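Data block for start.cif (mmCIF, C-alpha atoms):
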data_structure
#
loop_
_atom_site.group_PDB
_atom_site.id
_atom_site.type_symbol
_atom_site.label_atom_id
_atom_site.label_comp_id
_atom_site.auth_asym_id
_atom_site.auth_seq_id
_atom_site.Cartn_x
_atom_site.Cartn_y
_atom_site.Cartn_z
ATOM 1 C CA MET A 931 109.859 186.141 69.374
ATOM 2 C CA ALA A 932 106.991 184.099 70.804
ATOM 3 C CA ARG A 933 107.925 181.634 73.510
ATOM 4 C CA ALA A 934 106.544 178.118 73.547
ATOM 5 C CA PRO A 935 103.718 177.489 76.033
ATOM 6 C CA SER A 936 104.719 176.300 79.495
ATOM 7 C CA PRO A 937 102.766 174.985 82.475
ATOM 8 C CA ALA A 938 101.250 177.642 84.687
ATOM 9 C CA ALA A 939 102.704 178.092 88.177
ATOM 10 C CA VAL A 940 99.919 176.050 89.746
ATOM 11 C CA LEU A 941 101.084 172.934 87.841
ATOM 12 C CA LEU A 942 104.736 173.643 88.537
ATOM 13 C CA SER A 943 103.904 173.267 92.236
ATOM 14 C CA VAL A 944 103.443 169.491 91.768
ATOM 15 C CA HIS A 945 105.695 166.763 90.396
ATOM 16 C CA ALA A 946 103.208 164.591 88.480
ATOM 17 C CA VAL A 947 99.746 164.883 86.946
ATOM 18 C CA VAL A 948 96.971 162.282 86.713
ATOM 19 C CA PHE A 949 94.326 162.913 84.059
ATOM 20 C CA ASP A 950 90.851 161.485 83.833
ATOM 21 C CA THR A 951 90.023 160.579 80.224
ATOM 22 C CA ASP A 952 86.311 160.934 79.398
ATOM 23 C CA GLY A 953 85.441 164.618 79.220
ATOM 24 C CA VAL A 954 88.991 165.711 80.024
ATOM 25 C CA ILE A 955 91.093 164.210 77.218
ATOM 26 C CA THR A 956 88.475 162.621 74.977
ATOM 27 C CA ASP A 957 85.146 164.165 74.032
ATOM 28 C CA SER A 958 83.420 160.879 74.768
ATOM 29 C CA ALA A 959 80.900 162.025 77.383
ATOM 30 C CA PRO A 960 78.085 162.479 74.813
ATOM 31 C CA ALA A 961 78.613 158.939 73.514
ATOM 32 C CA HIS A 962 78.646 157.552 77.060
ATOM 33 C CA ALA A 963 75.486 159.495 77.934
ATOM 34 C CA ALA A 964 73.691 158.268 74.795
ATOM 35 C CA ALA A 965 74.667 154.673 75.569
ATOM 36 C CA TRP A 966 73.397 155.028 79.131
ATOM 37 C CA LYS A 967 70.143 156.477 77.822
ATOM 38 C CA GLU A 968 69.614 153.467 75.561
ATOM 39 C CA ALA A 969 70.225 151.075 78.443
ATOM 40 C CA PHE A 970 68.299 152.985 81.100
ATOM 41 C CA ASP A 971 65.273 153.848 78.967
ATOM 42 C CA ALA A 972 64.827 150.178 78.056
ATOM 43 C CA CYS A 973 65.102 149.221 81.720
ATOM 44 C CA LEU A 974 62.724 151.958 82.874
ATOM 45 C CA ALA A 975 60.129 151.022 80.268
ATOM 46 C CA SER A 976 60.293 147.348 81.238
ATOM 47 C CA HIS A 977 59.562 148.306 84.853
ATOM 48 C CA GLY A 978 56.750 150.762 84.146
ATOM 49 C CA ASP A 979 58.671 154.039 84.514
ATOM 50 C CA ARG A 980 57.862 156.229 81.511
ATOM 51 C CA ARG A 981 60.120 159.154 82.484
ATOM 52 C CA PRO A 982 63.242 158.860 80.296
ATOM 53 C CA PHE A 983 66.828 159.211 81.457
ATOM 54 C CA ASP A 984 68.116 162.785 81.308
ATOM 55 C CA GLU A 985 71.384 162.722 79.350
ATOM 56 C CA GLU A 986 72.640 165.898 81.010
ATOM 57 C CA ALA A 987 71.476 166.275 84.617
ATOM 58 C CA GLU A 988 71.105 162.589 85.544
ATOM 59 C CA TYR A 989 74.214 161.532 83.638
ATOM 60 C CA ARG A 990 76.316 164.048 85.553
ATOM 61 C CA ARG A 991 74.705 163.334 88.907
ATOM 62 C CA TYR A 992 74.605 159.538 88.913
ATOM 63 C CA VAL A 993 76.965 157.937 86.396
ATOM 64 C CA ASP A 994 79.657 160.333 85.156
ATOM 65 C CA GLY A 995 83.097 159.138 86.188
ATOM 66 C CA LYS A 996 81.886 156.014 87.969
ATOM 67 C CA ALA A 997 82.439 152.354 87.195
ATOM 68 C CA ARG A 998 79.612 151.006 85.016
ATOM 69 C CA LYS A 999 77.984 148.871 87.688
ATOM 70 C CA ASP A 1000 78.225 151.623 90.288
ATOM 71 C CA GLY A 1001 76.691 154.158 87.913
ATOM 72 C CA ALA A 1002 73.883 151.807 86.959
ATOM 73 C CA ALA A 1003 73.133 151.056 90.608
ATOM 74 C CA ALA A 1004 73.151 154.755 91.581
ATOM 75 C CA PHE A 1005 70.724 155.783 88.850
ATOM 76 C CA LEU A 1006 68.361 152.854 89.347
ATOM 77 C CA ALA A 1007 68.254 153.569 93.095
ATOM 78 C CA SER A 1008 67.345 157.186 92.317
ATOM 79 C CA ARG A 1009 64.257 155.853 90.495
ATOM 80 C CA ASP A 1010 63.456 153.405 93.328
ATOM 81 C CA LEU A 1011 64.174 150.407 91.113
ATOM 82 C CA ASP A 1012 65.481 147.613 93.337
ATOM 83 C CA LEU A 1013 66.967 145.206 90.797
ATOM 84 C CA PRO A 1014 69.087 142.241 91.850
ATOM 85 C CA GLU A 1015 72.785 142.930 91.390
ATOM 86 C CA GLY A 1016 73.391 139.899 89.187
ATOM 87 C CA SER A 1017 76.933 139.050 88.109
ATOM 88 C CA PRO A 1018 79.571 140.562 85.792
ATOM 89 C CA ASP A 1019 78.836 137.791 83.285
ATOM 90 C CA ASP A 1020 75.169 138.761 82.838
ATOM 91 C CA PRO A 1021 74.322 139.428 79.164
ATOM 92 C CA PRO A 1022 72.930 142.830 78.151
ATOM 93 C CA GLY A 1023 69.383 143.244 79.414
ATOM 94 C CA THR A 1024 67.093 144.878 81.940
ATOM 95 C CA GLY A 1025 66.714 142.301 84.709
ATOM 96 C CA THR A 1026 69.793 142.978 86.869
ATOM 97 C CA VAL A 1027 72.123 145.884 87.577
ATOM 98 C CA TRP A 1028 74.970 144.109 85.788
ATOM 99 C CA ALA A 1029 72.706 143.380 82.786
ATOM 100 C CA VAL A 1030 71.843 147.079 82.467
ATOM 101 C CA ALA A 1031 75.540 147.957 82.736
ATOM 102 C CA ALA A 1032 76.322 145.364 80.047
ATOM 103 C CA ARG A 1033 73.679 146.848 77.764
ATOM 104 C CA LYS A 1034 75.273 150.268 78.173
ATOM 105 C CA ASP A 1035 78.721 148.852 77.315
ATOM 106 C CA GLU A 1036 77.297 147.095 74.270
ATOM 107 C CA ALA A 1037 75.803 150.376 73.028
ATOM 108 C CA PHE A 1038 79.000 152.343 73.672
ATOM 109 C CA THR A 1039 81.175 149.723 71.987
ATOM 110 C CA ARG A 1040 78.906 149.842 68.939
ATOM 111 C CA THR A 1041 79.393 153.614 68.792
ATOM 112 C CA LEU A 1042 83.180 153.239 68.968
ATOM 113 C CA ARG A 1043 83.105 150.953 65.947
ATOM 114 C CA THR A 1044 81.089 153.398 63.839
ATOM 115 C CA GLU A 1045 81.874 156.923 65.035
ATOM 116 C CA PRO A 1046 85.315 158.372 65.857
ATOM 117 C CA ILE A 1047 85.681 159.953 69.288
ATOM 118 C CA ALA A 1048 87.213 163.426 69.229
ATOM 119 C CA VAL A 1049 89.801 164.764 71.648
ATOM 120 C CA TRP A 1050 89.927 168.159 73.356
ATOM 121 C CA PRO A 1051 92.669 170.246 71.653
ATOM 122 C CA GLY A 1052 93.491 172.273 74.763
ATOM 123 C CA THR A 1053 94.144 169.125 76.782
ATOM 124 C CA VAL A 1054 96.285 167.687 73.996
ATOM 125 C CA ARG A 1055 98.430 170.851 73.993
ATOM 126 C CA LEU A 1056 98.869 170.572 77.761
ATOM 127 C CA LEU A 1057 99.792 166.883 77.537
ATOM 128 C CA HIS A 1058 102.506 167.607 74.964
ATOM 129 C CA VAL A 1059 103.938 170.466 77.026
ATOM 130 C CA LEU A 1060 104.050 168.348 80.189
ATOM 131 C CA HIS A 1061 105.614 165.447 78.281
ATOM 132 C CA GLU A 1062 108.282 167.708 76.797
ATOM 133 C CA ALA A 1063 108.952 169.125 80.268
ATOM 134 C CA ARG A 1064 109.424 165.533 81.512
ATOM 135 C CA VAL A 1065 106.607 165.815 84.023
ATOM 136 C CA PRO A 1066 105.314 162.270 84.693
ATOM 137 C CA ILE A 1067 101.701 161.986 83.557
ATOM 138 C CA ALA A 1068 99.152 159.199 83.906
ATOM 139 C CA ALA A 1069 95.659 158.551 82.615
ATOM 140 C CA ALA A 1070 93.141 157.015 84.982
ATOM 141 C CA SER A 1071 89.616 156.051 83.998
ATOM 142 C CA ALA A 1072 86.833 153.743 85.096
ATOM 143 C CA SER A 1073 86.200 152.991 81.410
ATOM 144 C CA ARG A 1074 87.640 149.771 80.041
ATOM 145 C CA HIS A 1075 87.892 151.545 76.666
ATOM 146 C CA ALA A 1076 90.252 154.296 77.877
ATOM 147 C CA THR A 1077 93.481 152.751 76.594
ATOM 148 C CA GLU A 1078 91.870 151.995 73.238
ATOM 149 C CA LEU A 1079 90.672 155.588 72.908
ATOM 150 C CA LEU A 1080 94.060 157.057 73.813
ATOM 151 C CA ALA A 1081 95.819 154.764 71.347
ATOM 152 C CA GLY A 1082 93.339 155.664 68.608
ATOM 153 C CA ALA A 1083 93.990 159.356 69.232
ATOM 154 C CA GLY A 1084 97.764 158.859 68.992
ATOM 155 C CA LEU A 1085 98.272 159.976 72.601
ATOM 156 C CA LEU A 1086 99.161 156.755 74.406
ATOM 157 C CA ASP A 1087 102.932 157.272 74.162
ATOM 158 C CA LEU A 1088 102.678 160.525 76.130
ATOM 159 C CA PHE A 1089 101.713 158.683 79.311
ATOM 160 C CA THR A 1090 104.044 157.041 81.781
ATOM 161 C CA ALA A 1091 101.136 154.970 83.102
ATOM 162 C CA VAL A 1092 97.514 154.188 82.251
ATOM 163 C CA VAL A 1093 95.053 152.698 84.727
ATOM 164 C CA ASP A 1094 91.824 151.886 82.891
ATOM 165 C CA GLY A 1095 88.703 149.938 83.755
ATOM 166 C CA ASN A 1096 90.331 146.650 82.795
ATOM 167 C CA GLU A 1097 93.142 147.268 85.268
ATOM 168 C CA ALA A 1098 90.689 148.437 87.915
ATOM 169 C CA ARG A 1099 88.759 145.198 87.592
ATOM 170 C CA ARG A 1100 91.924 143.069 87.605
ATOM 171 C CA LEU A 1101 93.169 144.790 90.763
ATOM 172 C CA GLU A 1102 89.668 144.914 92.292
ATOM 173 C CA LEU A 1103 89.923 148.668 92.782
ATOM 174 C CA PRO A 1104 86.744 150.321 94.073
ATOM 175 C CA GLY A 1105 85.239 152.971 91.816
ATOM 176 C CA LYS A 1106 85.125 156.723 92.289
ATOM 177 C CA PRO A 1107 84.537 158.597 94.551
ATOM 178 C CA ASP A 1108 86.941 156.146 96.213
ATOM 179 C CA PRO A 1109 90.436 157.424 95.318
ATOM 180 C CA ALA A 1110 91.927 153.986 94.557
ATOM 181 C CA LEU A 1111 92.081 154.525 90.782
ATOM 182 C CA PHE A 1112 94.003 157.775 91.163
ATOM 183 C CA THR A 1113 96.276 156.613 93.951
ATOM 184 C CA GLU A 1114 97.218 153.540 91.881
ATOM 185 C CA ALA A 1115 98.109 155.859 88.993
ATOM 186 C CA ALA A 1116 100.257 158.026 91.292
ATOM 187 C CA ARG A 1117 101.926 154.890 92.656
ATOM 188 C CA ARG A 1118 102.869 153.833 89.133
ATOM 189 C CA LEU A 1119 104.324 157.283 88.507
ATOM 190 C CA GLY A 1120 106.411 156.930 91.652
ATOM 191 C CA VAL A 1121 105.173 160.242 93.068
ATOM 192 C CA PRO A 1122 103.189 160.605 96.332
ATOM 193 C CA ALA A 1123 99.607 161.770 95.919
ATOM 194 C CA GLY A 1124 100.383 164.869 97.964
ATOM 195 C CA ASP A 1125 102.933 165.917 95.334
ATOM 196 C CA SER A 1126 100.624 165.137 92.386
ATOM 197 C CA ALA A 1127 97.679 166.814 90.669
ATOM 198 C CA VAL A 1128 94.420 165.306 89.451
ATOM 199 C CA VAL A 1129 92.580 166.806 86.468
ATOM 200 C CA GLU A 1130 88.948 165.658 86.400
ATOM 201 C CA ASP A 1131 85.550 166.802 85.120
ATOM 202 C CA ALA A 1132 83.216 164.448 87.008
ATOM 203 C CA LEU A 1133 81.956 165.259 90.487
ATOM 204 C CA ALA A 1134 82.793 161.749 91.688
ATOM 205 C CA GLY A 1135 86.302 162.069 90.285
ATOM 206 C CA VAL A 1136 86.937 165.445 91.899
ATOM 207 C CA GLU A 1137 85.777 164.002 95.204
ATOM 208 C CA ALA A 1138 88.123 161.052 94.686
ATOM 209 C CA GLY A 1139 91.053 163.403 94.179
ATOM 210 C CA ARG A 1140 90.252 165.219 97.394
ATOM 211 C CA ARG A 1141 89.777 161.982 99.365
ATOM 212 C CA GLY A 1142 93.089 160.692 98.025
ATOM 213 C CA GLY A 1143 94.985 163.640 99.451
ATOM 214 C CA PHE A 1144 96.242 164.925 96.108
ATOM 215 C CA GLY A 1145 98.165 168.149 96.336
ATOM 216 C CA LEU A 1146 96.105 169.816 93.611
ATOM 217 C CA VAL A 1147 92.650 168.916 92.313
ATOM 218 C CA VAL A 1148 91.675 170.674 89.077
ATOM 219 C CA GLY A 1149 88.021 170.576 88.110
ATOM 220 C CA VAL A 1150 87.126 170.889 84.428
ATOM 221 C CA ASP A 1151 83.763 172.521 83.771
ATOM 222 C CA ARG A 1152 82.971 172.162 80.076
ATOM 223 C CA THR A 1153 79.712 174.085 80.605
ATOM 224 C CA ASP A 1154 81.762 177.066 81.854
ATOM 225 C CA SER A 1155 78.875 177.947 84.158
ATOM 226 C CA PRO A 1156 78.787 179.303 87.726
ATOM 227 C CA GLU A 1157 76.629 176.345 88.785
ATOM 228 C CA GLY A 1158 78.992 173.764 87.303
ATOM 229 C CA ALA A 1159 82.053 175.402 88.825
ATOM 230 C CA ALA A 1160 80.350 175.662 92.228
ATOM 231 C CA ASP A 1161 79.457 171.944 92.157
ATOM 232 C CA LEU A 1162 83.055 171.001 91.387
ATOM 233 C CA ARG A 1163 84.379 173.180 94.192
ATOM 234 C CA ARG A 1164 81.883 171.713 96.650
ATOM 235 C CA HIS A 1165 83.154 168.255 95.800
ATOM 236 C CA GLY A 1166 86.785 169.240 96.376
ATOM 237 C CA ALA A 1167 88.264 171.097 93.387
ATOM 238 C CA ASP A 1168 91.010 173.562 94.337
ATOM 239 C CA LEU A 1169 90.437 175.447 91.104
ATOM 240 C CA VAL A 1170 88.108 175.115 88.134
ATOM 241 C CA VAL A 1171 88.948 175.720 84.467
ATOM 242 C CA ALA A 1172 86.813 175.588 81.356
ATOM 243 C CA ASP A 1173 89.537 173.595 79.597
ATOM 244 C CA PRO A 1174 92.845 172.069 80.765
ATOM 245 C CA GLY A 1175 94.571 174.152 78.087
ATOM 246 C CA ASP A 1176 93.886 177.097 80.366
ATOM 247 C CA LEU A 1177 96.656 175.713 82.585
ATOM 248 C CA LEU A 1178 99.215 176.787 79.974
ATOM 249 C CA ILE A 1179 100.821 180.195 79.798
ATOM 250 C CA THR A 1180 102.425 181.802 76.778
ATOM 251 C CA GLY A 1181 104.603 184.851 76.474
ATOM 252 C CA GLU A 1182 106.497 187.041 74.082
ATOM 253 C CA ASP A 1183 110.226 187.728 74.128
#
Represent the structure from my file as structure tokens, please.
Amino acid sequence: MARAPSPAAVLLSVHAVVFDTDGVITDSAPAHAAAWKEAFDACLASHGDRRPFDEEAEYRRYVDGKARKDGAAAFLASRDLDLPEGSPDDPPGTGTVWAVAARKDEAFTRTLRTEPIAVWPGTVRLLHVLHEARVPIAAASASRHATELLAGAGLLDLFTAVVDGNEARRLELPGKPDPALFTEAARRLGVPAGDSAVVEDALAGVEAGRRGGFGLVVGVDRTDSPEGAADLRRHGADLVVADPGDLLITGED
């Protein structure tokens, strides 16, 4: 008789797991990248830069996993665009860093209203197994839409705690690669970071897990490429998987 899946030994070595959302639980990275492209290309064009934003290489290098303002600032600096920071209340536009970030959020929110965001089946299987095994799990994301996405996918009840972009802003938590988002999630789970795992696909997030002293940092490389895995390891991943579902084992009686 087939046995139900169970966590692999590497996950049984910790007492709690903190999951990033975008790219790990939800397949929302393409929608985020497209929204950034809309915002950045408009900004670049208005400042005389005709080279468009690269939705793969530049998204991963400068904005993936970061708070919106931090990602906008990092990319614009890479193009030598010295825009004023502005304020969080700036409307969508191209004149300040916050305005560019607001334009990105406007584009992403529009996508959420018109196109459903898929989830990664392997991660969902792992979440259910951990929940059934009574392993405390949290979701932590710089995105203010994370809770909405998890609720829409019917997954919110699996989590003991969720720290999303709204909470990060309320608590004034610095963005990744600072570990504050993850350490706050571990605090809410009541488990020290050293006894917890982080599962993350972004380079900034993997680095945050390492800086936070987490006992296990799992990098998720959806490209399943040697280059992607090497980048994640350089930033602090203890191991790299193509999908979090790979952290499950099955057996036969």
- Task: Starting from the shown file, work through the PyMOL selection byres ((chain A and resi 1110) around 12) and note down what comes out as a ChimeraX atom specification.
- Result: /A:1070-1072,1093-1095,1097-1099,1101-1109,1111-1117,1123,1135,1137-1144
- Distance query segment 1146-1163 of chain A at most 7 Å, all atoms listed in the file, self and fewer than 4 positions along chain excluded, as an NGL selection string: :A and (1126-1131 or 1133 or 1136 or 1139-1140 or 1167-1174)
- Message: Can you translate the PyMOL selection byres ((chain A and resi 1050-1060) around 6) into the concrete residues it hits in this file, as a list of chain:residue names?
- Response: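 With the PyMOL selection byres ((chain A and resi 1050-1060) around 6) on this model, the match is A:Ile955, A:Thr956, A:Val1049, A:His1061, A:Glu1062, A:Ala1063, A:Val1065, A:Pro1174, A:Gly1175.
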- In Å, how far is it from atom CA of Thr1077 of chain A to atom CA of Trp1028 of chain A?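 One can read the atom CA of Thr1077 of chain A to atom CA of Trp1028 of chain A distance as 22.4 Å.
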- Write out as a VMD selection string each polymer residue whose atoms come within 12 Å of Gly1016 of chain A, counting only C-alpha atoms; drop sequence neighbours fewer than 6 positions from it. chain A and resid 999 1003 1022 to 1032
- Task: Give me the result of the PyMOL selection byres ((chain A and resi 975-982) around 9) on this file, residue by residue, as a list of chain:residue names.
- Result: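 Selected by the PyMOL selection byres ((chain A and resi 975-982) around 9) in this file: A:Lys967, A:Phe970, A:Asp971, A:Ala972, A:Cys973, A:Leu974, A:Phe983, A:Asp984, A:Arg1009, A:Leu1011, A:Thr1024, A:Gly1025.
Going from atom CA of Lys1034 of chain A over to atom CA of Glu968 of chain A, you cover 7.0 Å.
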- Among the residues A:Arg998, A:Ser958, A:Asp1019, A:Phe1089, the one that comes closest to Glu1045 of chain A [using all atoms listed in the file]: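 With all atoms listed in the file as the atom set, the closest residue is A:Ser958.
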- atom CA of Val993 of chain A to atom CA of Val944 of chain A, straight-line distance in Å: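 Distance between the two atoms: 29.4 Å.
Distances here use all atoms listed in the file; by that measure, the residue among A:Ala1004, A:Asp1010, A:Arg1064, A:Ile1047 closest to Ala1081 of chain A is A:Ile1047.
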Counting only C-alpha atoms, write as a PDB file with C-alpha atoms, in the frame of the given file all protein and nucleic acid residues lying at most 10 Å from (87.5, 159.8, 74.7) in the file's frame.
ATOM      1  CA  ASP A 950      90.851 161.485  83.833  1.00  0.00           C
ATOM      2  CA  THR A 951      90.023 160.579  80.224  1.00  0.00           C
ATOM      3  CA  ASP A 952      86.311 160.934  79.398  1.00  0.00           C
ATOM      4  CA  GLY A 953      85.441 164.618  79.220  1.00  0.00           C
ATOM      5  CA  VAL A 954      88.991 165.711  80.024  1.00  0.00           C
ATOM      6  CA  ILE A 955      91.093 164.210  77.218  1.00  0.00           C
ATOM      7  CA  THR A 956      88.475 162.621  74.977  1.00  0.00           C
ATOM      8  CA  ASP A 957      85.146 164.165  74.032  1.00  0.00           C
ATOM      9  CA  SER A 958      83.420 160.879  74.768  1.00  0.00           C
ATOM     10  CA  ALA A 959      80.900 162.025  77.383  1.00  0.00           C
ATOM     11  CA  PRO A 960      78.085 162.479  74.813  1.00  0.00           C
ATOM     12  CA  ALA A 961      78.613 158.939  73.514  1.00  0.00           C
ATOM     13  CA  HIS A 962      78.646 157.552  77.060  1.00  0.00           C
ATOM     14  CA  LEU A1042      83.180 153.239  68.968  1.00  0.00           C
ATOM     15  CA  PRO A1046      85.315 158.372  65.857  1.00  0.00           C
ATOM     16  CA  ILE A1047      85.681 159.953  69.288  1.00  0.00           C
ATOM     17  CA  ALA A1048      87.213 163.426  69.229  1.00  0.00           C
ATOM     18  CA  VAL A1049      89.801 164.764  71.648  1.00  0.00           C
ATOM     19  CA  TRP A1050      89.927 168.159  73.356  1.00  0.00           C
ATOM     20  CA  SER A1073      86.200 152.991  81.410  1.00  0.00           C
ATOM     21  CA  HIS A1075      87.892 151.545  76.666  1.00  0.00           C
ATOM     22  CA  ALA A1076      90.252 154.296  77.877  1.00  0.00           C
ATOM     23  CA  THR A1077      93.481 152.751  76.594  1.00  0.00           C
ATOM     24  CA  GLU A1078      91.870 151.995  73.238  1.00  0.00           C
ATOM     25  CA  LEU A1079      90.672 155.588  72.908  1.00  0.00           C
ATOM     26  CA  LEU A1080      94.060 157.057  73.813  1.00  0.00           C
ATOM     27  CA  GLY A1082      93.339 155.664  68.608  1.00  0.00           C
ATOM     28  CA  ALA A1083      93.990 159.356  69.232  1.00  0.00           C
TER      29      ALA A1083
END
- The residue from A:Leu1085, A:Ala997, A:Gly1166, A:Gly1145 with the smallest atom-to-atom distance to Leu942 of chain A, counting all atoms listed in the file, is A:Gly1145
Once you add 8 Å to each side, what are the centre and edge lengths of the axis-aligned box holding all listed atoms of segment 1001-1014 of chain A? One decimal in Å, as AutoDock Vina command-line options, if you can.
--center_x 70.1 --center_y 149.7 --center_z 90.1 --size_x 29.2 --size_y 30.9 --size_z 22.4
- Measuring atom to atom with only C-alpha atoms, identify which of A:Leu1119, A:Ala1132, A:Ser936, A:Ala965 is nearest to Thr1041 of chain A.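 With only C-alpha atoms as the atom set, the closest residue is A:Ala965.
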